[in-house]
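The next block holds one structure in the form of structure tokens; read it before the comments.
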Amino acid sequence: MADPEEAAVLEVSSECKSTLLKKEDSKDTDIMSNYSTSLEGSVVASPSIESFSTLPDQEMSEFGLDTRDLQVKVDNPQKHLDTLETYITFRITTRTSRAEFDETEYVVRRRYNDFIWLRQKLVEAFPTHLIPPLPGKHTLIAQLDRYSKEFIVARMALLHRFLNRVANHPVLSCNQSMKVFLTAKPSEFLIHRKSRQGFLGRMSTSFHNLAAVYMMRQRTQEFEQVREYVTSLGEKLNSVDRISQRIHKERQDYLSELNQMHPIFTLWSASEPELSPVLLAMAAAIEHNTQAQQHVLVTFTPNIVQPLKEYLLYIEAVKEALTRRDSVQIEYELTVEELKKKRAEKDLLLAEEQTSGSGGFSLGGASLWKSAGEVRDDKLQKLAQAIPHLVKQVEEHQDKVECANENLRADLDRWQYEKKDELKKLFVSLANQQIKYYEQCLAAWEEVLPDMKVVDTTSSYSPSNKLQLQVPS
């Protein structure tokens, strides 16, 4: 049986349902933080917000002092047990001063699949923008149970970061689907979830598939350099992640060895009183080293693995955005090619008109088929209608390409700024962690060194103390 303090969420309480019904008419706006009812009717109890804070204490306090016009926070997970499935929901608290919102604060619950829906809607609405990534389905901490505290807290932190990145974006944050996600009640949100993919979404998907098989005629050097950069960055971060995992494994082995060494010196000190102060000092130093090593191992996943994995996902999101931009350019290039083809066909027909003669076999004064001149005139008439339409399409697609370039360029600039800042914080945090670890180890040895030096080792050897000086084999 798992320790209740380590459980990710509280199990279903037999009194939850009756308690919820009694509070049904309550005007407490935060009732969802204590109990929630899924659309299928499952009732679950949740841990306190302090137990599963996504943010450090300082950042939690700063949430109330935030001056942004749209603030969002993801916390307070709950485990839902339904007939067909078990899933986790998270509380989303929104505070806003924007005019398009009817209220200034909202509290809703959403599950992971709801976040997927939101991101898909953002991709449909803004295919040429960089949409922040979501944590993987079960790949972030594959070795852990997806209902364990570690997995849920890690996923919650990444969902919080995703939602804040969207909320901070000047365009994405104004999307109607984002508003629905933050404010809609369960029944209303379910209606939006069940709505079919829009025309823009289907077009975006078709163009994305087109980009996979069609090679662009003119590659934009600016975005090709971005593609090469993120590919190289991904390789570097993958290498850092891979090496960090190996170091982590070695640290785990080292911790195991330290745990075995500590009792050896403790037991040894009991058998040799003259060396007891030295041996106990060694045991104390090893114990302090073990504690320092344990802290490094515990903070490895949230401080190293999680940020690296997220940036690898972000790199994939950048590549996806570049591919969607390519789709817009491909659409433009295909329209240009079609226009050239129609104009070439028109020029050929006009050239034939000057060299061809009349023709057409007739029987009893009635023509069995149109003359070559009449067929040519029909084609020229159709081309005269198609070419202006294609010219207009080319102009529209060219505008789309320019807008796509500007949208993606602005988002990439924003991402580059955030990347530098966040990677800097990651590596500074790693450096501080290592400094603290080695300082603790050094302090542990320096603390026991004076005690070891004052031990009297000058007593002469005699048969009477022979047994005391023997080291156990």
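By order in the structure tokens, chains are A, B, ...; within a chain, residues start at 1; ligands start at 1, following the order shown.
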Give me the residues near A:Leu258 as a short mmCIF file (atom, residue, chain, number, x, y, z; two decimals) with N, CA and C atoms, in the first residue's frame, where near means some atom within 9 Å (using only C-alpha atoms) and where sequence neighbours in that chain fewer than 6 positions away do not count.
data_model
loop_
_atom_site.label_atom_id
_atom_site.label_comp_id
_atom_site.auth_asym_id
_atom_site.auth_seq_id
_atom_site.Cartn_x
_atom_site.Cartn_y
_atom_site.Cartn_z
N ILE A 286 30.52 10.53 5.71
CA ILE A 286 29.89 9.75 4.64
C ILE A 286 28.38 9.94 4.66
N GLU A 287 27.80 10.02 5.86
CA GLU A 287 26.36 10.24 5.96
C GLU A 287 25.96 11.58 5.36
N ASN A 289 27.62 13.22 3.06
CA ASN A 289 27.81 13.09 1.62
C ASN A 289 26.64 12.35 0.98
N THR A 290 26.13 11.35 1.69
CA THR A 290 24.98 10.59 1.19
C THR A 290 23.75 11.48 1.06
#
>> So that I can see what lies close to A:Thr94, please list as a PyMOL selection string the residues with an atom at most 7 Å from it, counting only C-alpha atoms and leaving out residues fewer than 5 positions away in the same chain.
In response: chain A and resi 71-73+105-107+182
Please produce a file of those selected residues containing N, CA and C atoms, as a tab-separated table (two decimals), in the first residue's frame.
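In the end it all went to again_19.tsv:
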chain	number	residue	atom	x	y	z
A	71	GLN	N	-4.06	36.21	-16.61
A	71	GLN	CA	-3.20	35.36	-15.78
A	71	GLN	C	-3.87	33.99	-15.64
A	72	VAL	N	-3.09	32.95	-15.80
A	72	VAL	CA	-3.62	31.60	-15.68
A	72	VAL	C	-2.70	30.77	-14.79
A	73	LYS	N	-3.29	29.82	-14.09
A	73	LYS	CA	-2.53	28.95	-13.20
A	73	LYS	C	-3.14	27.55	-13.25
A	105	GLU	N	-12.67	36.56	-12.82
A	105	GLU	CA	-12.01	35.35	-12.35
A	105	GLU	C	-12.86	34.13	-12.69
A	106	TYR	N	-12.19	33.08	-13.14
A	106	TYR	CA	-12.84	31.82	-13.49
A	106	TYR	C	-12.06	30.66	-12.89
A	107	VAL	N	-12.77	29.61	-12.51
A	107	VAL	CA	-12.14	28.38	-12.04
A	107	VAL	C	-12.82	27.22	-12.75
A	182	LEU	N	-10.86	28.41	-21.02
A	182	LEU	CA	-10.64	29.00	-19.70
A	182	LEU	C	-11.92	29.25	-18.93
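Our summary of the geometry notes that atom CA of A:Ser148 is positioned 23.4 Å from atom CA of A:Leu255.
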>> Report as an MDAnalysis selection string all protein, DNA and RNA residues lying within 10 Å of A:Arg98, evaluated on only C-alpha atoms, omitting residues in the same chain fewer than 4 positions from it.
In response: chainID A and resid 68:70 102:104 174
Those selected residues, please, written with C-alpha atoms and delivered as a CSV table (one decimal), in the first residue's frame.
chain,number,residue,atom,x,y,z
A,68,ARG,CA,-0.8,41.1,-16.8
A,69,ASP,CA,-4.4,41.4,-18.2
A,70,LEU,CA,-4.6,37.6,-18.5
A,102,ASP,CA,-17.8,38.7,-18.6
A,103,GLU,CA,-16.1,38.1,-15.2
A,104,THR,CA,-12.7,38.8,-13.7
A,174,CYS,CA,-7.3,36.3,-28.1
>> Using only C-alpha atoms, which protein or nucleic acid residues come within 12 Å of A:Asn259? Drop anything in the same chain fewer than 4 positions from it, and give the result as a PyMOL selection string.
In response: chain A and resi 252-255+263-266+283-284+286-291+293-294
> When DSSP works through the backbone of this structure, what residues of stretch 159-400 of chain A end up as strand (DSSP E or B), shown as a PyMOL selection string?
Replying inline: chain A and resi 362-363+366-367
Filtering to C-alpha atoms, could you give me those residues as a short mmCIF file (atom, residue, chain, number, x, y, z; two decimals), in the first residue's frame?
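Contents of out.cif, as written:
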data_model
loop_
_atom_site.label_atom_id
_atom_site.label_comp_id
_atom_site.auth_asym_id
_atom_site.auth_seq_id
_atom_site.Cartn_x
_atom_site.Cartn_y
_atom_site.Cartn_z
CA SER A 362 -20.09 18.86 -93.48
CA LEU A 363 -22.90 16.64 -94.75
CA ALA A 366 -24.63 20.58 -91.38
CA SER A 367 -21.29 20.37 -89.60
#
>> Between A:Leu383, A:Ala410, A:Arg219, A:Lys424, which residue has the minimum interatomic distance to A:Ala344, considering only C-alpha atoms?
In response: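 Using only C-alpha atoms, the shortest distance to A:Ala344 belongs to A:Leu383.
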> Per DSSP on the backbone, what are the alpha helix (DSSP H) residues of stretch 103-325 of chain A, as a PyMOL selection string?
Replying inline: chain A and resi 112-125+149-168+176-183+186-194+199-213+221-271+276-298+300+306-325
Residues of stretch 221-270 of chain A that have any atom at most 10 Å from an atom of stretch 314-323 of chain A: could you tabulate them with the shortest-distance atom pair and the distance in Å to one decimal, using only C-alpha atoms, ordered by chain and increasing number, as JSON lines?
{"residue": "A:Phe223", "atom": "CA", "partner": "A:Leu322", "partner_atom": "CA", "distance": 7.3}
{"residue": "A:Glu224", "atom": "CA", "partner": "A:Leu322", "partner_atom": "CA", "distance": 8.8}
{"residue": "A:Val226", "atom": "CA", "partner": "A:Leu322", "partner_atom": "CA", "distance": 8.7}
{"residue": "A:Arg227", "atom": "CA", "partner": "A:Lys319", "partner_atom": "CA", "distance": 6.7}
{"residue": "A:Glu228", "atom": "CA", "partner": "A:Lys319", "partner_atom": "CA", "distance": 9.9}
{"residue": "A:Tyr229", "atom": "CA", "partner": "A:Ile315", "partner_atom": "CA", "distance": 9.8}
{"residue": "A:Val230", "atom": "CA", "partner": "A:Ile315", "partner_atom": "CA", "distance": 6.0}
{"residue": "A:Thr231", "atom": "CA", "partner": "A:Ile315", "partner_atom": "CA", "distance": 7.7}
{"residue": "A:Leu233", "atom": "CA", "partner": "A:Ile315", "partner_atom": "CA", "distance": 8.0}
{"residue": "A:Gly234", "atom": "CA", "partner": "A:Ile315", "partner_atom": "CA", "distance": 6.6}
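Taking atom CA of A:Leu312 and atom CA of A:Lys420 as endpoints, the distance between them is 14.4 Å.
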>> I'd like the neighbourhood of A:Leu442 as a PyMOL selection string, where a residue qualifies if any of its atoms comes within 10 Å (using only C-alpha atoms), though same-chain residues fewer than 4 positions away should be ignored.
In response: chain A and resi 285+288-289+436-438+446-447
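Atom pair atom CA of A:Ser97 / atom CA of A:Thr67: separated by 9.6 Å.
In this comparison, which uses only C-alpha atoms, the residue of A:Ser195, A:Thr128, A:Gln176, A:Gln245 approaching A:Ala404 most closely is A:Thr128.
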> Skipping near chain neighbours, those fewer than 6 positions away, what residues fall within 10 Å of A:Met452 using only C-alpha atoms, listed as a ChimeraX atom specification?
Replying inline: /A:275-282
